[in-house]
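Novice: Supplied in C-alpha coordinates, the structure appears directly below.
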Amino acid sequence: MIIRQTTKEILAESLKELSASKPIDKITIKEISANCGVTSKTFYNHFQDKYDLIAWIYSTAMEKIFSKIDGKNYTWKDTLTEGLNYFLDNKEFLKNLIAHTSGQDSFINYVARFNVKILSDYIKRSQNLDILPQELEILIKVYCYGTVCTFCEMLINPAPIPDEEFVTLIEKALPEPLKKYFYKN
(Lines give C-alpha, C1' and ligand atoms only; values in the text may rest on other atoms or scores of the structure.)
Protein backbone atom coordinates (compact mmCIF):
# COMPACT_ATOMS: atom_id res chain seq x y z
CA MET A 1 0.00 0.00 0.00
CA ILE A 2 1.33 3.40 -0.97
CA ILE A 3 1.26 6.00 1.78
CA ARG A 4 1.13 9.47 0.31
CA GLN A 5 2.50 12.43 2.18
CA THR A 6 0.46 15.57 2.62
CA THR A 7 1.90 18.91 1.55
CA LYS A 8 2.42 19.75 5.21
CA GLU A 9 4.43 16.55 5.72
CA ILE A 10 6.52 17.27 2.62
CA LEU A 11 7.28 20.79 3.85
CA ALA A 12 8.18 19.38 7.28
CA GLU A 13 10.60 16.89 5.73
CA SER A 14 12.11 19.69 3.66
CA LEU A 15 12.74 21.82 6.74
CA LYS A 16 14.26 18.87 8.61
CA GLU A 17 16.53 18.08 5.66
CA LEU A 18 17.72 21.67 5.37
CA SER A 19 18.27 21.90 9.14
CA ALA A 20 20.84 19.12 8.92
CA SER A 21 23.25 21.58 7.30
CA LYS A 22 22.02 25.02 8.29
CA PRO A 23 20.80 26.80 11.44
CA ILE A 24 17.00 27.07 11.61
CA ASP A 25 17.12 30.85 11.92
CA LYS A 26 19.00 31.06 8.59
CA ILE A 27 16.57 28.88 6.60
CA THR A 28 14.09 30.80 4.46
CA ILE A 29 10.59 29.94 3.27
CA LYS A 30 11.91 30.12 -0.28
CA GLU A 31 14.54 27.47 0.54
CA ILE A 32 12.04 25.20 2.29
CA SER A 33 9.68 25.44 -0.67
CA ALA A 34 12.30 25.03 -3.39
CA ASN A 35 13.87 22.06 -1.59
CA CYS A 36 10.66 20.05 -1.96
CA GLY A 37 9.55 21.42 -5.32
CA VAL A 38 6.67 23.65 -4.30
CA THR A 39 6.21 27.40 -4.47
CA SER A 40 6.39 29.80 -1.57
CA LYS A 41 2.69 30.47 -2.19
CA THR A 42 2.01 26.78 -1.51
CA PHE A 43 3.96 27.07 1.73
CA TYR A 44 1.87 30.06 2.81
CA ASN A 45 -1.33 28.18 1.97
CA HIS A 46 -0.43 25.84 4.83
CA PHE A 47 1.68 27.83 7.30
CA GLN A 48 2.10 31.45 8.39
CA ASP A 49 5.87 31.16 8.68
CA LYS A 50 8.57 28.60 9.44
CA TYR A 51 7.83 28.81 13.17
CA ASP A 52 4.25 27.79 12.45
CA LEU A 53 5.68 24.81 10.53
CA ILE A 54 7.98 23.96 13.46
CA ALA A 55 5.01 24.12 15.84
CA TRP A 56 3.02 21.84 13.51
CA ILE A 57 5.86 19.30 13.36
CA TYR A 58 6.12 19.08 17.14
CA SER A 59 2.41 19.25 17.95
CA THR A 60 1.53 16.59 15.38
CA ALA A 61 4.07 14.17 16.85
CA MET A 62 3.09 14.88 20.47
CA GLU A 63 -0.65 14.70 19.84
CA LYS A 64 -0.16 11.16 18.49
CA ILE A 65 1.73 10.22 21.65
CA PHE A 66 -0.54 11.97 24.16
CA SER A 67 -3.71 10.64 22.51
CA LYS A 68 -2.80 7.13 23.67
CA ILE A 69 -2.94 7.89 27.41
CA ASP A 70 -5.61 5.88 29.16
CA GLY A 71 -3.91 5.18 32.49
CA LYS A 72 -4.29 1.42 32.15
CA ASN A 73 -2.89 0.03 28.90
CA TYR A 74 -0.86 3.12 28.05
CA THR A 75 0.49 4.80 31.15
CA TRP A 76 2.17 8.11 31.81
CA LYS A 77 5.51 6.28 31.82
CA ASP A 78 4.72 4.94 28.33
CA THR A 79 3.99 8.51 27.23
CA LEU A 80 7.29 9.75 28.67
CA THR A 81 9.20 6.88 27.06
CA GLU A 82 7.69 7.56 23.66
CA GLY A 83 8.33 11.29 24.12
CA LEU A 84 11.98 10.61 24.96
CA ASN A 85 12.25 8.37 21.89
CA TYR A 86 10.87 11.20 19.75
CA PHE A 87 13.49 13.56 21.17
CA LEU A 88 16.29 11.04 20.60
CA ASP A 89 15.10 10.09 17.10
CA ASN A 90 15.01 13.78 16.12
CA LYS A 91 18.00 14.83 18.21
CA GLU A 92 19.93 16.91 15.64
CA PHE A 93 16.82 18.70 14.37
CA LEU A 94 15.67 19.50 17.91
CA LYS A 95 19.15 20.65 18.97
CA ASN A 96 19.11 23.04 16.01
CA LEU A 97 15.70 24.34 17.12
CA ILE A 98 16.88 24.79 20.71
CA ALA A 99 20.05 26.60 19.65
CA HIS A 100 18.60 28.77 16.87
CA THR A 101 15.19 29.95 18.04
CA SER A 102 14.61 32.62 20.64
CA GLY A 103 12.14 35.11 22.03
CA GLN A 104 8.51 34.52 21.08
CA ASP A 105 9.71 31.92 18.55
CA SER A 106 11.73 29.96 21.12
CA PHE A 107 11.24 26.24 20.61
CA ILE A 108 11.64 25.52 24.33
CA ASN A 109 8.93 28.02 25.25
CA TYR A 110 6.62 26.68 22.55
CA VAL A 111 7.09 23.08 23.72
CA ALA A 112 6.45 23.97 27.36
CA ARG A 113 3.29 25.95 26.52
CA PHE A 114 2.07 23.18 24.21
CA ASN A 115 2.65 20.50 26.84
CA VAL A 116 0.80 22.59 29.46
CA LYS A 117 -2.13 22.89 27.07
CA ILE A 118 -2.23 19.22 26.13
CA LEU A 119 -2.06 18.04 29.77
CA SER A 120 -4.63 20.61 30.86
CA ASP A 121 -6.96 19.63 28.03
CA TYR A 122 -6.52 15.94 28.86
CA ILE A 123 -7.47 16.47 32.52
CA LYS A 124 -10.42 18.74 31.64
CA ARG A 125 -11.70 16.20 29.11
CA SER A 126 -11.25 13.20 31.41
CA GLN A 127 -12.98 15.00 34.30
CA ASN A 128 -15.64 16.84 32.27
CA LEU A 129 -14.33 20.22 33.46
CA ASP A 130 -14.61 23.56 31.69
CA ILE A 131 -11.74 25.04 33.67
CA LEU A 132 -9.06 23.60 35.92
CA PRO A 133 -8.65 24.60 39.55
CA GLN A 134 -5.80 27.09 39.90
CA GLU A 135 -3.72 24.63 41.94
CA LEU A 136 -3.79 22.08 39.10
CA GLU A 137 -2.90 24.74 36.53
CA ILE A 138 0.17 25.73 38.53
CA LEU A 139 1.26 22.12 39.12
CA ILE A 140 0.92 21.35 35.40
CA LYS A 141 2.99 24.42 34.49
CA VAL A 142 5.73 23.62 37.00
CA TYR A 143 5.90 20.00 35.80
CA CYS A 144 5.81 20.83 32.08
CA TYR A 145 8.34 23.65 32.18
CA GLY A 146 10.67 21.55 34.32
CA THR A 147 10.42 18.41 32.21
CA VAL A 148 10.76 20.29 28.92
CA CYS A 149 13.92 22.02 30.12
CA THR A 150 15.24 18.69 31.40
CA PHE A 151 14.51 16.89 28.10
CA CYS A 152 16.16 19.70 26.13
CA GLU A 153 19.18 19.76 28.45
CA MET A 154 19.45 15.98 28.05
CA LEU A 155 19.69 16.44 24.26
CA ILE A 156 22.53 18.92 24.59
CA ASN A 157 24.32 17.18 27.48
CA PRO A 158 23.15 13.56 27.56
CA ALA A 159 22.34 12.23 31.01
CA PRO A 160 24.95 9.79 32.29
CA ILE A 161 22.16 7.33 33.10
CA PRO A 162 20.26 4.84 30.94
CA ASP A 163 17.16 6.14 29.13
CA GLU A 164 14.84 3.92 31.21
CA GLU A 165 16.22 5.40 34.44
CA PHE A 166 15.89 8.93 33.03
CA VAL A 167 12.22 8.29 32.20
CA THR A 168 11.64 6.86 35.68
CA LEU A 169 13.03 10.04 37.25
CA ILE A 170 10.81 12.25 35.07
CA GLU A 171 7.85 10.05 35.99
CA LYS A 172 8.65 10.39 39.71
CA ALA A 173 8.71 14.18 39.30
CA LEU A 174 4.99 14.18 38.41
CA PRO A 175 3.35 16.02 41.32
CA GLU A 176 1.27 13.75 43.56
CA PRO A 177 -2.04 15.60 42.93
CA LEU A 178 -1.66 14.99 39.16
CA LYS A 179 -0.94 11.25 39.37
CA LYS A 180 -4.60 10.29 39.77
CA TYR A 181 -5.33 11.70 36.30
CA PHE A 182 -2.65 9.68 34.58
CA TYR A 183 -2.85 6.38 36.46
CA LYS A 184 -6.14 4.56 36.81
CA ASN A 185 -6.41 1.74 39.36
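Scheme for the C-alpha coordinates: letters A, B, ... for chains in order shown; per-chain residue numbers from 1; ligand numbers from 1 in order shown.
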Would you kindly return, as a PDB file with all heavy atoms, in the first residue's frame, each protein, DNA or RNA residue with an atom no farther than 7 Å from any atom of segment 164-174 of chain A, considering only C-alpha atoms and excluding same-chain residues fewer than 5 positions away?
Specialist:
ATOM      1  N   LYS A  77       4.129   6.687  32.095  1.00  0.00           N
ATOM      2  CA  LYS A  77       5.509   6.278  31.820  1.00  0.00           C
ATOM      3  C   LYS A  77       5.672   5.904  30.346  1.00  0.00           C
ATOM      4  O   LYS A  77       6.689   6.225  29.730  1.00  0.00           O
ATOM      5  CB  LYS A  77       5.932   5.122  32.715  1.00  0.00           C
ATOM      6  CG  LYS A  77       7.405   4.790  32.591  1.00  0.00           C
ATOM      7  CD  LYS A  77       7.858   3.817  33.643  1.00  0.00           C
ATOM      8  CE  LYS A  77       9.363   3.646  33.566  1.00  0.00           C
ATOM      9  NZ  LYS A  77       9.868   2.794  34.640  1.00  0.00           N
ATOM     10  N   LEU A  80       5.963   9.162  28.495  1.00  0.00           N
ATOM     11  CA  LEU A  80       7.290   9.751  28.669  1.00  0.00           C
ATOM     12  C   LEU A  80       8.342   9.004  27.851  1.00  0.00           C
ATOM     13  O   LEU A  80       9.214   9.626  27.236  1.00  0.00           O
ATOM     14  CB  LEU A  80       7.679   9.754  30.147  1.00  0.00           C
ATOM     15  CG  LEU A  80       6.854  10.654  31.055  1.00  0.00           C
ATOM     16  CD1 LEU A  80       7.211  10.405  32.513  1.00  0.00           C
ATOM     17  CD2 LEU A  80       7.036  12.121  30.681  1.00  0.00           C
ATOM     18  N   THR A  81       8.251   7.687  27.825  1.00  0.00           N
ATOM     19  CA  THR A  81       9.205   6.879  27.061  1.00  0.00           C
ATOM     20  C   THR A  81       9.099   7.191  25.573  1.00  0.00           C
ATOM     21  O   THR A  81      10.113   7.404  24.896  1.00  0.00           O
ATOM     22  CB  THR A  81       8.964   5.373  27.312  1.00  0.00           C
ATOM     23  OG1 THR A  81       9.152   5.114  28.708  1.00  0.00           O
ATOM     24  CG2 THR A  81       9.909   4.511  26.498  1.00  0.00           C
ATOM     25  N   TYR A 143       5.453  21.299  36.321  1.00  0.00           N
ATOM     26  CA  TYR A 143       5.903  20.005  35.798  1.00  0.00           C
ATOM     27  C   TYR A 143       6.332  20.114  34.335  1.00  0.00           C
ATOM     28  O   TYR A 143       7.401  19.642  33.962  1.00  0.00           O
ATOM     29  CB  TYR A 143       4.806  18.952  35.968  1.00  0.00           C
ATOM     30  CG  TYR A 143       5.236  17.577  35.516  1.00  0.00           C
ATOM     31  CD1 TYR A 143       6.197  16.861  36.223  1.00  0.00           C
ATOM     32  CD2 TYR A 143       4.697  17.000  34.377  1.00  0.00           C
ATOM     33  CE1 TYR A 143       6.598  15.602  35.817  1.00  0.00           C
ATOM     34  CE2 TYR A 143       5.087  15.733  33.956  1.00  0.00           C
ATOM     35  CZ  TYR A 143       6.042  15.044  34.684  1.00  0.00           C
ATOM     36  OH  TYR A 143       6.448  13.802  34.276  1.00  0.00           O
ATOM     37  N   THR A 147      10.086  19.587  33.029  1.00  0.00           N
ATOM     38  CA  THR A 147      10.424  18.412  32.212  1.00  0.00           C
ATOM     39  C   THR A 147      10.905  18.820  30.820  1.00  0.00           C
ATOM     40  O   THR A 147      11.823  18.199  30.285  1.00  0.00           O
ATOM     41  CB  THR A 147       9.243  17.421  32.103  1.00  0.00           C
ATOM     42  OG1 THR A 147       8.112  18.075  31.556  1.00  0.00           O
ATOM     43  CG2 THR A 147       8.918  16.801  33.431  1.00  0.00           C
ATOM     44  N   LYS A 179      -1.081  12.682  39.671  1.00  0.00           N
ATOM     45  CA  LYS A 179      -0.942  11.255  39.371  1.00  0.00           C
ATOM     46  C   LYS A 179      -2.281  10.565  39.148  1.00  0.00           C
ATOM     47  O   LYS A 179      -2.411   9.700  38.289  1.00  0.00           O
ATOM     48  CB  LYS A 179      -0.146  10.548  40.464  1.00  0.00           C
ATOM     49  CG  LYS A 179       1.306  10.925  40.430  1.00  0.00           C
ATOM     50  CD  LYS A 179       2.103  10.213  41.488  1.00  0.00           C
ATOM     51  CE  LYS A 179       3.557  10.671  41.380  1.00  0.00           C
ATOM     52  NZ  LYS A 179       4.401  10.077  42.401  1.00  0.00           N
TER      53      LYS A 179
END
Novice: Please provide as an NGL selection string all residues within 10 Å of Met62 of chain A, with the sequence filter that same-chain residues fewer than 5 positions apart are discarded (counting only C-alpha atoms).
Specialist: :A and (56-57 or 67 or 79 or 82-83 or 86 or 111 or 114-115 or 118)
Novice: Between atom CA of Trp76 of chain A and atom CA of Tyr183 of chain A, measure the distance and give it in Å to one decimal.
Specialist: 7.1 Å
Novice: Could the residues of segment 149-171 of chain A that have an atom at most 9 Å from segment 90-108 of chain A be listed as a tab-separated table, each with its closest atom pair and the distance in Å to one decimal, counting only C-alpha atoms and ordered by chain and ascending residue number?
Specialist:
residue	atom	partner	partner_atom	distance
A:Cys149	CA	A:Ile108	CA	7.1
A:Cys152	CA	A:Ile98	CA	7.5
A:Leu155	CA	A:Lys91	CA	6.5
A:Ile156	CA	A:Lys95	CA	6.8
Novice: Could you check the closest approach to Phe87 of chain A for each of A:Tyr122, A:Phe151, A:Tyr110, A:Tyr44 and tell me which residue wins, using only C-alpha atoms?
Specialist: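 Ranked by minimum distance to Phe87 of chain A, first place goes to A:Phe151.
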Novice: Between A:Lys68, A:Lys117, A:Lys26, A:Lys124, which one has atoms that come closest to Cys144 of chain A, using only C-alpha atoms?
Specialist: A:Lys117
Novice: Write out as a CSV table (one decimal) with N, CA, C and O atoms, in the first residue's frame each polymer residue whose atoms come within 10 Å of segment 11-15 of chain A, counting only C-alpha atoms; drop sequence neighbours fewer than 4 positions from it.
Specialist:
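What ended up in selection.csv:
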chain,number,residue,atom,x,y,z
A,5,GLN,N,2.3,11.4,1.2
A,5,GLN,CA,2.5,12.4,2.2
A,5,GLN,C,1.7,13.6,1.8
A,5,GLN,O,1.4,13.9,0.6
A,6,THR,N,1.2,14.3,2.8
A,6,THR,CA,0.5,15.6,2.6
A,6,THR,C,1.5,16.7,2.3
A,6,THR,O,2.7,16.5,2.6
A,7,THR,N,1.0,17.8,1.8
A,7,THR,CA,1.9,18.9,1.5
A,7,THR,C,2.6,19.4,2.8
A,7,THR,O,3.8,19.7,2.9
A,19,SER,N,17.7,21.6,7.8
A,19,SER,CA,18.3,21.9,9.1
A,19,SER,C,19.5,21.0,9.5
A,19,SER,O,20.2,21.3,10.4
A,20,ALA,N,19.7,20.0,8.7
A,20,ALA,CA,20.8,19.1,8.9
A,20,ALA,C,22.2,19.8,8.6
A,20,ALA,O,23.2,19.5,9.0
A,22,LYS,N,22.2,23.6,8.1
A,22,LYS,CA,22.0,25.0,8.3
A,22,LYS,C,21.2,25.3,9.5
A,22,LYS,O,20.2,24.7,9.8
A,24,ILE,N,18.4,26.8,11.9
A,24,ILE,CA,17.0,27.1,11.6
A,24,ILE,C,16.8,28.5,11.3
A,24,ILE,O,16.0,28.9,10.4
A,27,ILE,N,17.3,29.5,7.7
A,27,ILE,CA,16.6,28.9,6.6
A,27,ILE,C,15.4,29.8,6.2
A,27,ILE,O,14.6,30.2,7.1
A,28,THR,N,15.2,30.0,4.9
A,28,THR,CA,14.1,30.8,4.5
A,28,THR,C,12.9,30.0,3.9
A,28,THR,O,13.1,28.8,3.6
A,29,ILE,N,11.8,30.6,3.8
A,29,ILE,CA,10.6,29.9,3.3
A,29,ILE,C,10.9,29.5,1.8
A,29,ILE,O,10.5,28.4,1.4
A,31,GLU,N,13.7,28.7,0.5
A,31,GLU,CA,14.5,27.5,0.5
A,31,GLU,C,13.7,26.2,0.9
A,31,GLU,O,13.9,25.2,0.3
A,32,ILE,N,12.9,26.3,1.9
A,32,ILE,CA,12.0,25.2,2.3
A,32,ILE,C,11.2,24.8,1.1
A,32,ILE,O,11.1,23.6,0.8
A,33,SER,N,10.6,25.7,0.5
A,33,SER,CA,9.7,25.4,-0.7
A,33,SER,C,10.4,24.8,-1.9
A,33,SER,O,10.0,23.8,-2.4
A,34,ALA,N,11.5,25.5,-2.2
A,34,ALA,CA,12.3,25.0,-3.4
A,34,ALA,C,12.9,23.6,-3.1
A,34,ALA,O,12.9,22.8,-4.1
A,35,ASN,N,13.3,23.4,-1.9
A,35,ASN,CA,13.9,22.1,-1.6
A,35,ASN,C,12.9,20.9,-1.8
A,35,ASN,O,13.3,19.8,-2.1
A,36,CYS,N,11.6,21.2,-1.8
A,36,CYS,CA,10.7,20.1,-2.0
A,36,CYS,C,9.8,20.3,-3.2
A,36,CYS,O,8.8,19.6,-3.4
A,37,GLY,N,10.2,21.3,-4.0
A,37,GLY,CA,9.5,21.4,-5.3
A,37,GLY,C,8.2,22.1,-5.3
A,37,GLY,O,7.4,21.8,-6.2
A,38,VAL,N,7.9,22.9,-4.3
A,38,VAL,CA,6.7,23.7,-4.3
A,38,VAL,C,7.0,25.1,-4.3
A,38,VAL,O,8.1,25.5,-4.1
A,42,THR,N,2.5,28.0,-2.1
A,42,THR,CA,2.0,26.8,-1.5
A,42,THR,C,2.3,26.7,0.0
A,42,THR,O,1.5,26.3,0.8
A,43,PHE,N,3.6,27.1,0.3
A,43,PHE,CA,4.0,27.1,1.7
A,43,PHE,C,3.0,27.9,2.5
A,43,PHE,O,2.4,27.5,3.5
A,46,HIS,N,-0.4,26.8,3.7
A,46,HIS,CA,-0.4,25.8,4.8
A,46,HIS,C,0.1,26.4,6.1
A,46,HIS,O,-0.3,26.0,7.2
A,47,PHE,N,1.0,27.3,6.1
A,47,PHE,CA,1.7,27.8,7.3
A,47,PHE,C,1.9,29.3,7.2
A,47,PHE,O,2.1,29.9,6.1
A,50,LYS,N,7.9,29.8,9.1
A,50,LYS,CA,8.6,28.6,9.4
A,50,LYS,C,8.3,28.2,10.9
A,50,LYS,O,8.4,27.0,11.2
A,53,LEU,N,5.3,26.2,11.0
A,53,LEU,CA,5.7,24.8,10.5
A,53,LEU,C,6.4,24.0,11.6
A,53,LEU,O,6.0,22.9,11.9
A,54,ILE,N,7.3,24.6,12.3
A,54,ILE,CA,8.0,24.0,13.5
A,54,ILE,C,7.0,23.5,14.5
A,54,ILE,O,7.0,22.4,15.0
A,56,TRP,N,3.8,22.9,14.1
A,56,TRP,CA,3.0,21.8,13.5
A,56,TRP,C,3.8,20.5,13.6
A,56,TRP,O,3.2,19.5,14.0
A,57,ILE,N,5.1,20.5,13.3
A,57,ILE,CA,5.9,19.3,13.4
A,57,ILE,C,5.8,18.7,14.8
A,57,ILE,O,5.5,17.5,15.0
A,93,PHE,N,17.8,17.7,14.7
A,93,PHE,CA,16.8,18.7,14.4
A,93,PHE,C,16.4,19.5,15.6
A,93,PHE,O,16.4,20.7,15.6
Novice: For the atom pair atom CA of Leu132 of chain A and atom CA of Tyr145 of chain A, what is the interatomic distance in Å to one decimal place?
Specialist: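 About the pair atom CA of Leu132 of chain A and atom CA of Tyr145 of chain A: they are 17.8 Å apart.
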Novice: Could you jot down the atom CA of Ala112 of chain A to atom CA of Phe66 of chain A separation for me, Å, one decimal place?
Specialist: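 For atom CA of Ala112 of chain A relative to atom CA of Phe66 of chain A, the distance reads 14.2 Å.
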Novice: Chain A: which residues are alpha helix (DSSP H) by DSSP, as number ranges by chain?
Specialist: A: 7-19, 29-35, 40-46, 50-66, 76-89, 91-99, 107-127, 134-156, 163-172, 176-182
